[in-house]
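As stored in work20.cif (mmCIF, C-alpha atoms and all ligand atoms):
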```cif
data_query
#
loop_
_atom_site.label_atom_id
_atom_site.label_comp_id
_atom_site.auth_asym_id
_atom_site.auth_seq_id
_atom_site.Cartn_x
_atom_site.Cartn_y
_atom_site.Cartn_z
CA MET A 3 117.82 118.60 -4.59
CA GLU A 4 117.34 115.22 -3.00
CA THR A 5 114.50 115.25 -0.46
CA ALA A 6 113.34 111.63 -0.08
CA ASP A 7 113.96 109.89 3.26
CA LEU A 8 115.11 113.04 5.06
CA LYS A 9 113.06 113.41 8.21
CA SER A 10 112.72 116.78 9.86
CA LEU A 11 113.63 117.10 13.54
CA MET A 12 110.19 118.63 13.97
CA HIS A 13 108.66 115.17 13.51
CA ASP A 14 110.67 113.78 16.40
CA PRO A 15 110.55 116.03 19.51
CA ASP A 16 112.72 113.64 21.59
CA TYR A 17 115.46 113.62 18.97
CA TYR A 18 115.06 117.38 18.58
CA THR A 19 115.69 117.78 22.30
CA LYS A 20 118.74 115.51 22.25
CA SER A 21 120.37 117.23 19.27
CA PHE A 22 119.44 120.68 20.59
CA HIS A 23 121.25 120.00 23.87
CA ALA A 24 124.39 118.78 22.03
CA TYR A 25 124.33 122.03 20.04
CA ALA A 26 123.59 124.10 23.16
CA LYS A 27 126.56 122.57 24.99
CA ASN A 28 128.94 123.35 22.14
CA SER A 29 127.67 126.88 21.64
CA LYS A 30 127.82 127.61 25.36
CA LYS A 31 124.33 128.75 24.46
CA PHE A 32 123.04 128.90 27.98
CA ALA A 33 126.16 130.74 29.19
CA VAL A 34 125.80 133.33 26.40
CA LEU A 35 122.10 133.69 27.15
CA GLU A 36 122.84 133.93 30.87
CA ARG A 37 125.29 136.79 30.29
CA TRP A 38 122.78 138.45 27.99
CA GLY A 39 120.13 137.96 30.66
CA GLU A 40 122.38 139.52 33.29
CA ASN A 41 123.86 142.39 31.28
CA THR A 42 121.46 143.31 28.49
CA PHE A 43 118.00 142.09 29.51
CA PRO A 44 117.69 144.32 32.62
CA GLN A 45 118.43 147.43 30.63
CA LEU A 46 116.53 146.57 27.42
CA ILE A 47 113.46 145.11 29.08
CA GLY A 48 113.49 145.15 32.90
CA GLU A 49 113.99 148.90 33.11
CA ARG A 50 111.35 149.65 30.52
CA LEU A 51 108.82 147.48 32.35
CA ALA A 52 109.74 149.13 35.65
CA ASN A 53 109.33 152.59 34.12
CA THR A 54 105.92 151.66 32.72
CA PHE A 55 104.14 149.58 35.38
CA PRO A 56 103.82 150.16 39.15
CA GLN A 57 105.95 147.95 41.37
CA GLU A 58 102.88 146.21 42.86
CA THR A 59 101.76 144.92 39.41
CA ASN A 60 101.39 141.17 39.15
CA ILE A 61 103.42 140.80 35.96
CA ASN A 62 101.99 138.33 33.46
CA MET A 63 104.66 136.75 31.28
CA LEU A 64 104.21 134.41 28.33
CA GLY A 65 107.08 132.29 27.00
CA ILE A 66 106.77 130.68 23.56
CA GLY A 67 108.91 127.58 22.99
CA SER A 68 110.79 128.07 26.24
CA GLY A 69 112.67 124.78 25.94
CA SER A 70 114.29 123.58 29.16
CA GLY A 71 113.74 127.02 30.68
CA GLU A 72 117.27 128.27 31.43
CA MET A 73 116.70 131.61 29.74
CA ASP A 74 113.02 132.11 30.43
CA SER A 75 113.20 131.30 34.11
CA SER A 76 116.11 133.69 34.60
CA MET A 77 114.16 136.44 32.79
CA ALA A 78 111.25 135.72 35.13
CA ALA A 79 113.58 136.04 38.15
CA SER A 80 115.02 139.28 36.77
CA VAL A 81 111.51 140.74 36.29
CA LYS A 82 110.45 139.52 39.74
CA ALA A 83 113.33 141.49 41.27
CA ARG A 84 111.50 144.67 40.19
CA PHE A 85 107.89 143.68 40.85
CA GLU A 86 105.85 142.16 43.63
CA SER A 87 104.87 138.98 41.80
CA VAL A 88 105.13 137.30 38.43
CA ARG A 89 102.98 134.73 36.67
CA ASN A 90 104.88 132.94 33.93
CA VAL A 91 102.85 130.98 31.38
CA VAL A 92 105.13 128.70 29.36
CA LEU A 93 104.24 127.06 26.05
CA GLU A 94 106.53 124.20 25.10
CA PRO A 95 105.41 121.23 22.97
CA ALA A 96 108.35 118.88 23.63
CA ALA A 97 107.62 116.75 26.74
CA LYS A 98 111.31 116.25 27.59
CA GLN A 99 112.07 119.96 27.45
CA LEU A 100 109.12 120.68 29.70
CA GLU A 101 110.26 117.99 32.11
CA MET A 102 113.69 119.69 32.33
CA TYR A 103 112.01 123.06 32.86
CA ARG A 104 109.95 121.57 35.69
CA SER A 105 113.06 120.07 37.35
CA LEU A 106 114.89 123.39 37.04
CA VAL A 107 112.06 125.21 38.80
CA GLU A 108 111.92 122.53 41.50
CA SER A 109 115.67 122.62 42.07
CA LYS A 110 115.86 126.40 42.50
CA LYS A 111 112.72 127.10 44.50
CA THR A 112 114.26 129.92 46.52
CA ASP A 113 115.45 131.74 43.36
CA PHE A 114 111.90 131.68 42.06
CA GLU A 115 110.00 132.82 45.13
CA GLY A 116 107.01 134.96 44.15
CA ILE A 117 106.90 133.49 40.63
CA GLU A 118 104.04 131.23 39.62
CA PHE A 119 105.00 128.94 36.74
CA ASP A 120 102.20 127.61 34.56
CA LEU A 121 103.90 125.10 32.23
CA ARG A 122 101.78 123.93 29.29
CA GLN A 123 102.69 121.26 26.80
CA CYS A 124 101.61 122.91 23.56
CA GLY A 125 102.85 124.99 20.65
CA ILE A 126 101.82 128.53 19.80
CA ASP A 127 99.21 127.53 17.22
CA GLU A 128 97.58 125.07 19.62
CA TYR A 129 97.54 127.76 22.30
CA ARG A 130 95.79 130.14 19.93
CA ALA A 131 93.19 127.50 19.11
CA GLN A 132 92.68 126.73 22.82
CA VAL A 133 92.21 130.30 24.05
CA GLY A 134 90.05 131.43 21.12
CA ASP A 135 88.92 135.03 20.80
CA GLN A 136 89.58 136.09 24.37
CA PRO A 137 93.29 135.54 25.00
CA SER A 138 94.83 136.75 28.26
CA LYS A 139 96.86 139.93 28.18
CA TYR A 140 100.54 139.91 29.08
CA HIS A 141 103.05 142.51 30.23
CA PHE A 142 105.93 140.60 28.70
CA ILE A 143 106.01 137.98 25.93
CA SER A 144 109.15 136.25 24.71
CA ALA A 145 109.72 133.99 21.71
CA ILE A 146 113.36 132.95 21.84
CA HIS A 147 114.38 130.92 18.81
CA SER A 148 110.87 129.54 18.45
CA LEU A 149 109.03 131.59 15.83
CA TYR A 150 110.55 129.28 13.20
CA TYR A 151 107.95 126.74 14.28
CA ALA A 152 104.83 128.88 14.09
CA LYS A 153 102.57 128.23 11.10
CA ASP A 154 102.71 131.85 10.00
CA HIS A 155 105.29 133.98 11.76
CA LYS A 156 103.85 137.32 10.66
CA ASP A 157 100.36 136.48 11.83
CA THR A 158 101.84 135.14 15.07
CA ILE A 159 103.63 138.45 15.63
CA ARG A 160 100.39 140.34 15.01
CA TYR A 161 98.61 138.01 17.45
CA LEU A 162 101.28 138.36 20.15
CA TYR A 163 101.23 142.12 19.77
CA ASP A 164 97.45 142.03 20.34
CA CYS A 165 98.06 139.96 23.48
CA LEU A 166 100.28 142.68 24.99
CA GLU A 167 98.97 145.00 27.65
CA GLU A 168 99.48 148.63 26.69
CA GLY A 169 103.10 149.37 27.63
CA GLY A 170 103.89 145.64 27.47
CA ILE A 171 106.97 144.28 25.72
CA LEU A 172 107.45 141.58 23.09
CA LEU A 173 110.93 140.07 22.75
CA ILE A 174 111.69 138.01 19.64
CA ILE A 175 115.04 136.33 19.14
CA VAL A 176 115.95 134.61 15.86
CA VAL A 177 119.20 133.94 14.03
CA SER A 178 120.73 136.96 12.37
CA ASP A 179 120.90 137.38 8.61
CA VAL A 180 124.70 136.96 8.69
CA SER A 181 124.61 133.75 10.74
CA GLY A 182 125.81 130.39 9.47
CA PHE A 183 122.37 129.00 10.33
CA TRP A 184 120.63 131.35 7.96
CA ARG A 185 123.21 130.79 5.20
CA LEU A 186 122.90 127.04 5.57
CA TRP A 187 119.09 127.03 5.50
CA ASP A 188 119.03 129.47 2.63
CA ARG A 189 121.44 127.37 0.60
CA PHE A 190 119.80 124.00 1.36
CA THR A 191 116.17 124.95 0.97
CA ARG A 192 115.31 121.27 1.39
CA PHE A 193 115.58 121.84 5.13
CA GLN A 194 112.49 124.03 4.87
CA ASP A 195 110.28 121.09 5.58
CA GLY A 196 106.80 122.53 5.76
CA VAL A 197 106.80 122.39 9.58
CA SER A 198 109.63 124.81 10.28
CA ARG A 199 109.75 127.98 8.24
CA TYR A 200 113.26 129.25 8.40
CA LEU A 201 113.57 132.82 9.36
CA CYS A 202 116.23 135.33 10.11
CA THR A 203 115.99 138.84 11.50
CA THR A 204 115.22 140.29 8.06
CA HIS A 205 111.88 138.45 8.10
CA ILE A 206 111.00 139.70 11.56
CA ARG A 207 112.01 143.25 10.62
CA ASP A 208 109.96 143.13 7.39
CA SER A 209 106.91 141.68 9.13
CA LEU A 210 106.96 144.27 11.90
CA SER A 211 107.42 147.09 9.40
CA SER A 212 104.54 145.90 7.26
CA LEU A 213 102.36 145.64 10.39
CA GLY A 214 103.34 149.22 11.25
CA ILE A 215 104.88 148.16 14.57
CA LYS A 216 107.95 150.02 15.86
CA PHE A 217 110.88 148.04 17.23
CA ASP A 218 114.51 148.12 18.41
CA GLU A 219 117.19 145.56 17.72
CA SER A 220 120.25 144.31 19.53
CA ARG A 221 122.75 141.86 18.00
CA GLN A 222 124.56 139.19 19.99
CA ALA A 223 127.67 137.49 18.66
CA SER A 224 127.74 133.76 19.31
CA ARG A 225 129.74 130.80 18.00
CA VAL A 226 129.20 127.04 18.05
CA ASP A 227 132.28 124.84 18.15
CA ILE A 228 131.61 122.39 15.29
CA THR A 229 135.10 120.86 15.25
CA SER A 230 133.61 117.50 16.31
CA CYS A 231 131.42 117.50 13.16
CA PHE A 232 134.63 116.86 11.21
CA GLN A 233 135.89 114.08 13.50
CA GLU A 234 135.06 110.61 12.26
CA GLY A 235 132.91 108.68 14.74
CA SER A 236 131.99 111.64 16.97
CA ASP A 237 128.43 111.15 18.27
CA ASP A 238 128.30 114.73 19.48
CA GLY A 239 129.41 115.92 16.04
CA GLU A 240 126.62 113.98 14.32
CA LEU A 241 124.02 115.40 16.73
CA ILE A 242 125.24 118.94 16.04
CA ILE A 243 125.07 118.31 12.28
CA ASP A 244 121.52 117.07 12.75
CA PHE A 245 120.52 120.10 14.79
CA LEU A 246 122.09 122.57 12.35
CA SER A 247 120.41 120.86 9.39
CA HIS A 248 117.23 120.15 11.41
CA THR A 249 117.28 116.59 10.09
CA VAL A 250 117.10 113.31 11.98
CA ASP A 251 120.27 111.31 11.28
CA LEU A 252 121.47 113.22 8.23
CA ARG A 253 124.41 110.84 7.81
CA GLY A 254 122.19 107.76 7.77
CA SER A 255 119.45 109.19 5.57
CA ALA A 256 121.07 111.49 2.99
CA SER A 257 123.21 110.25 0.11
CA PRO A 258 126.94 110.41 0.93
CA GLU A 259 127.26 113.23 -1.64
CA LEU A 260 124.56 115.39 -0.04
CA TYR A 261 125.88 114.70 3.46
CA ARG A 262 129.39 115.77 2.41
CA GLU A 263 128.10 118.86 0.63
CA VAL A 264 126.11 119.98 3.68
CA VAL A 265 128.91 119.36 6.19
CA ASP A 266 131.52 121.01 3.96
CA TYR A 267 129.27 124.03 3.59
CA MET A 268 128.83 124.21 7.39
CA GLY A 269 132.61 124.37 7.77
CA SER A 270 133.15 126.78 4.86
CA GLU A 271 133.95 130.46 5.33
CA LYS A 272 130.34 131.30 4.46
CA CYS A 273 129.23 129.79 7.76
CA ALA A 274 132.27 129.35 10.00
CA GLU A 275 135.77 130.50 10.92
CA ARG A 276 138.75 128.19 11.25
CA LYS A 277 141.03 129.06 14.15
CA GLU A 278 144.80 128.57 14.31
CA ASP A 279 144.40 125.85 16.94
CA GLY A 280 142.36 123.84 14.39
CA SER A 281 138.94 124.51 15.89
CA ILE A 282 136.05 125.41 13.63
CA LEU A 283 133.52 127.92 14.93
CA PHE A 284 130.10 128.17 13.30
CA ASN A 285 128.57 131.63 13.21
CA ASN A 286 125.57 131.48 15.54
CA ASP A 287 124.89 135.24 15.80
CA TRP A 288 121.37 136.18 16.78
CA ASP A 289 119.34 139.34 17.12
CA ALA A 290 116.91 140.40 19.79
CA THR A 291 114.01 142.43 18.45
CA ILE A 292 112.13 144.40 21.06
CA VAL A 293 108.67 145.88 20.68
CA GLN A 294 106.95 147.98 23.31
CA LYS A 295 103.25 148.56 22.75
CA PRO A 296 102.53 152.25 23.19
CA LEU A 297 100.31 153.45 26.02
CA SER A 298 97.10 155.06 24.75
CA LYS A 299 97.07 158.82 25.16
C1 LIG B 301 115.76 126.25 19.56
S1 LIG B 301 114.75 125.75 20.89
C2 LIG B 301 114.84 127.18 21.93
C3 LIG B 301 114.51 126.90 23.35
C4 LIG B 301 114.65 128.10 24.31
N1 LIG B 301 113.78 129.18 23.93
C5 LIG B 301 116.10 128.55 24.33
O1 LIG B 301 116.43 129.53 23.66
O2 LIG B 301 116.90 127.90 25.01
C6 LIG B 301 113.13 125.91 20.19
C7 LIG B 301 111.99 125.42 21.09
O3 LIG B 301 110.74 125.65 20.40
C8 LIG B 301 109.91 124.55 20.66
N2 LIG B 301 108.85 124.48 19.65
C9 LIG B 301 108.73 123.62 18.61
N3 LIG B 301 107.58 123.83 17.96
C10 LIG B 301 106.95 124.86 18.59
C11 LIG B 301 105.72 125.53 18.39
N4 LIG B 301 104.90 125.20 17.41
N5 LIG B 301 105.38 126.54 19.24
C12 LIG B 301 106.22 126.88 20.26
N6 LIG B 301 107.40 126.27 20.48
C13 LIG B 301 107.78 125.28 19.67
C14 LIG B 301 110.88 123.36 20.62
O4 LIG B 301 110.33 122.22 21.24
C15 LIG B 301 112.08 123.92 21.34
O5 LIG B 301 112.04 123.68 22.72
#
```
As structure tokens - that is how I would like this structure written.
Ligand SMILES: C[S@@+](CC[C@H](N)C(=O)[O-])C[C@H]1O[C@@H](n2cnc3c(N)ncnc32)[C@H](O)[C@@H]1O
Amino acid sequence: METADLKSLMHDPDYYTKSFHAYAKNSKKFAVLERWGENTFPQLIGERLANTFPQETNINMLGIGSGSGEMDSSMAASVKARFESVRNVVLEPAAKQLEMYRSLVESKKTDFEGIEFDLRQCGIDEYRAQVGDQPSKYHFISAIHSLYYAKDHKDTIRYLYDCLEEGGILLIIVVSDVSGFWRLWDRFTRFQDGVSRYLCTTHIRDSLSSLGIKFDESRQASRVDITSCFQEGSDDGELIIDFLSHTVDLRGSASPELYREVVDYMGSEKCAERKEDGSILFNNDWDATIVQKPLSK
């Protein structure tokens, strides 16, 4: 497969952020996450934390690759509703994402009363190098669609598990093994660029099992409207294509044949459904994997 001249989104955090937000808008990503946060999170995670730790605990949270913070900050607010105070350490390497996270926190100060946000511009591997052998312990750690970017996802899971307090919870969200994302990445292995290591839930499941760590899973259906990817001259469509393929300007850098092959595959029944009204919906299903570290006897 052709690989020359294709630049991964991971080498251009600003472009990553721009294409990610085009994709997020068309997947109603934040709305789906918000509903998940309101309906599923409290019962899968909030309740378990509340049943494990006393209400006066100062809950330490760690967010890995929290992006512009919509999901992570609402999880922090949901946890805060059950505990006296929350400290939320956020690792996010993209400056623009972090800037948006900061503005979000500023704009909703009253919603976040009692939550201390500690926003750090770094990735998970840099964090590990910075904190060395004595990392802080956390009651709740989340990695929502970000483990793809860790150098070694299995070792990162082992590390994050070690960072949990006894009774603490690790939440990992990645694309499901039936998602269009996974099918696309698996078919076009070129997009595995040496920075991102494409994963689906199968990899998380296998890694946890081989580490001997017990977990639960919960699947969330989600679709991205990719109709604009098939409309000539649509800027939004091109940005979505770039996010799905994780490539900067796929149209301008791939051969016309490769570009066509990738876009046709995105719209094929392997990855998407075509609706009667002409819209094309990419399968964006994801799974939440939840680990609770046992309390020692
Ligand atoms: C798909 S976005 C998800 C953002 C957010 N968690 C959400 O679900 O809305 C992935 C995020 O991971 C960040 N990221 C990239 N490399 C990373 C790394 N090495 N460690 C942690 N996060 C990383 C990206 O900048 C991006 O904000």
Report task. Write out as a ChimeraX atom specification each polymer residue (protein, DNA or RNA) that has an atom no more than 10 Å from ligand LIG 301 (chain B), with only C-alpha atoms and all ligand atoms counted. Result -> /A:11-16,18-19,22-23,25-26,31-32,35,65-74,92-100,123-129,144-153,175-176,197-198,245
Requested in this report: Could you tell me which of A:Phe114, A:Asp179, A:Thr203, A:Phe190 comes closest to Thr249 in chain A if we count only C-alpha atoms?
Outcome: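 For Thr249 in chain A, the nearest of the given residues is A:Phe190.
Closest approach to Ser29 in chain A among A:Ser298, A:Asn286, A:Gln57, A:Ser87 is made by A:Asn286 (distances from only C-alpha atoms).
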Query raised in the report: Which distance in Å separates CA of Ala256 in chain A and CA of Gly239 in chain A, to one decimal?
Result: 16.1 Å
May I have the protein, DNA and RNA residues with any atom at most 12 Å from the point (123.2, 134.9, 33.5), counting only C-alpha atoms, written as a short mmCIF file (atom, residue, chain, number, x, y, z; two decimals) with C-alpha atoms, in the frame of the given file?
```
data_model
loop_
_atom_site.label_atom_id
_atom_site.label_comp_id
_atom_site.auth_asym_id
_atom_site.auth_seq_id
_atom_site.Cartn_x
_atom_site.Cartn_y
_atom_site.Cartn_z
CA LYS A 30 127.82 127.61 25.36
CA LYS A 31 124.33 128.75 24.46
CA PHE A 32 123.04 128.90 27.98
CA ALA A 33 126.16 130.74 29.19
CA VAL A 34 125.80 133.33 26.40
CA LEU A 35 122.10 133.69 27.15
CA GLU A 36 122.84 133.93 30.87
CA ARG A 37 125.29 136.79 30.29
CA TRP A 38 122.78 138.45 27.99
CA GLY A 39 120.13 137.96 30.66
CA GLU A 40 122.38 139.52 33.29
CA ASN A 41 123.86 142.39 31.28
CA THR A 42 121.46 143.31 28.49
CA PHE A 43 118.00 142.09 29.51
CA PRO A 44 117.69 144.32 32.62
CA GLU A 72 117.27 128.27 31.43
CA MET A 73 116.70 131.61 29.74
CA ASP A 74 113.02 132.11 30.43
CA SER A 75 113.20 131.30 34.11
CA SER A 76 116.11 133.69 34.60
CA MET A 77 114.16 136.44 32.79
CA ALA A 79 113.58 136.04 38.15
CA SER A 80 115.02 139.28 36.77
#
```
Query raised in the report: Quick one, how far is CA of Ser181 in chain A from CA of Cys273 in chain A?
Result: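 Going from CA of Ser181 in chain A over to CA of Cys273 in chain A covers 6.8 Å.
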Requested in this report: Point out the residue among A:Ile242, A:Leu46, A:Ile117, A:Cys202 with the least atom-to-atom distance to Val293 in chain A, counting all atoms listed in the file.
Outcome: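 For Val293 in chain A, the nearest of the given residues is A:Leu46.
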Query raised in the report: Separation of CA of Leu252 in chain A and CA of Arg189 in chain A, in Å?
Result: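 Rounded to one decimal, the two atoms are 16.1 Å apart.
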**Report entry** Non-local contacts of Ala290 in chain A (7 Å; all atoms listed in the file; under 3 positions in same chain excluded) as a list in words
**Finding:**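 So the residues in contact are Leu173, Ile174, Ile175, Glu219, Ser220 and Arg221 of chain A.
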Draw an axis-aligned box over all listed atoms of range 108-122 of chain A, pad each side with 3 Å, and write its centre and edge lengths in Å, one decimal, as lines of an AutoDock Vina configuration file.
```
center_x = 108.8
center_y = 128.7
center_z = 37.9
size_x = 20.1
size_y = 18.4
size_z = 23.2
```
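Nearest to Asn285 in chain A of all the residues A:Arg130, A:Lys27, A:Arg253, A:Arg185 is A:Arg185, based on all atoms listed in the file.
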Query raised in the report: What lies within 9 Å of Asn60 in chain A using all atoms listed in the file, ignoring chain neighbours under 2 positions off, as a list of chain:residue names?
Result: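 Contacts, with the query itself left out: A:Gln57, A:Glu58, A:Asn62, A:Phe85, A:Glu86, A:Ser87, A:Val88, A:Arg89.
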Report task. Name the closest residue to Phe55 in chain A among the candidates A:Leu297, A:Glu275, A:Leu106, A:Val133; distances are taken between atoms, counting all atoms listed in the file. Result -> A:Leu297
Report task. Can you pull out every residue within 10 Å of Trp187 in chain A, counting all atoms listed in the file, but drop anything in the same chain fewer than 2 positions away, and send it as JSON, numbers by chain? Result -> {"A": [182, 183, 184, 185, 189, 190, 191, 192, 193, 194, 199, 200, 201, 202, 246, 247, 248]}
Query raised in the report: Got a sec: who's within 12 Å of Tyr163 in chain A, counting all atoms listed in the file, leaving out chain neighbours fewer than 3 positions off, as a PyMOL selection string?
Result: chain A and resi 64+137-145+156-160+166-174+210+213-217+292-296
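Shortest atom-to-atom contact with Lys272 in chain A among A:Leu186, A:Ile206, A:Ile228, A:Ala223: A:Leu186, counting only C-alpha atoms.
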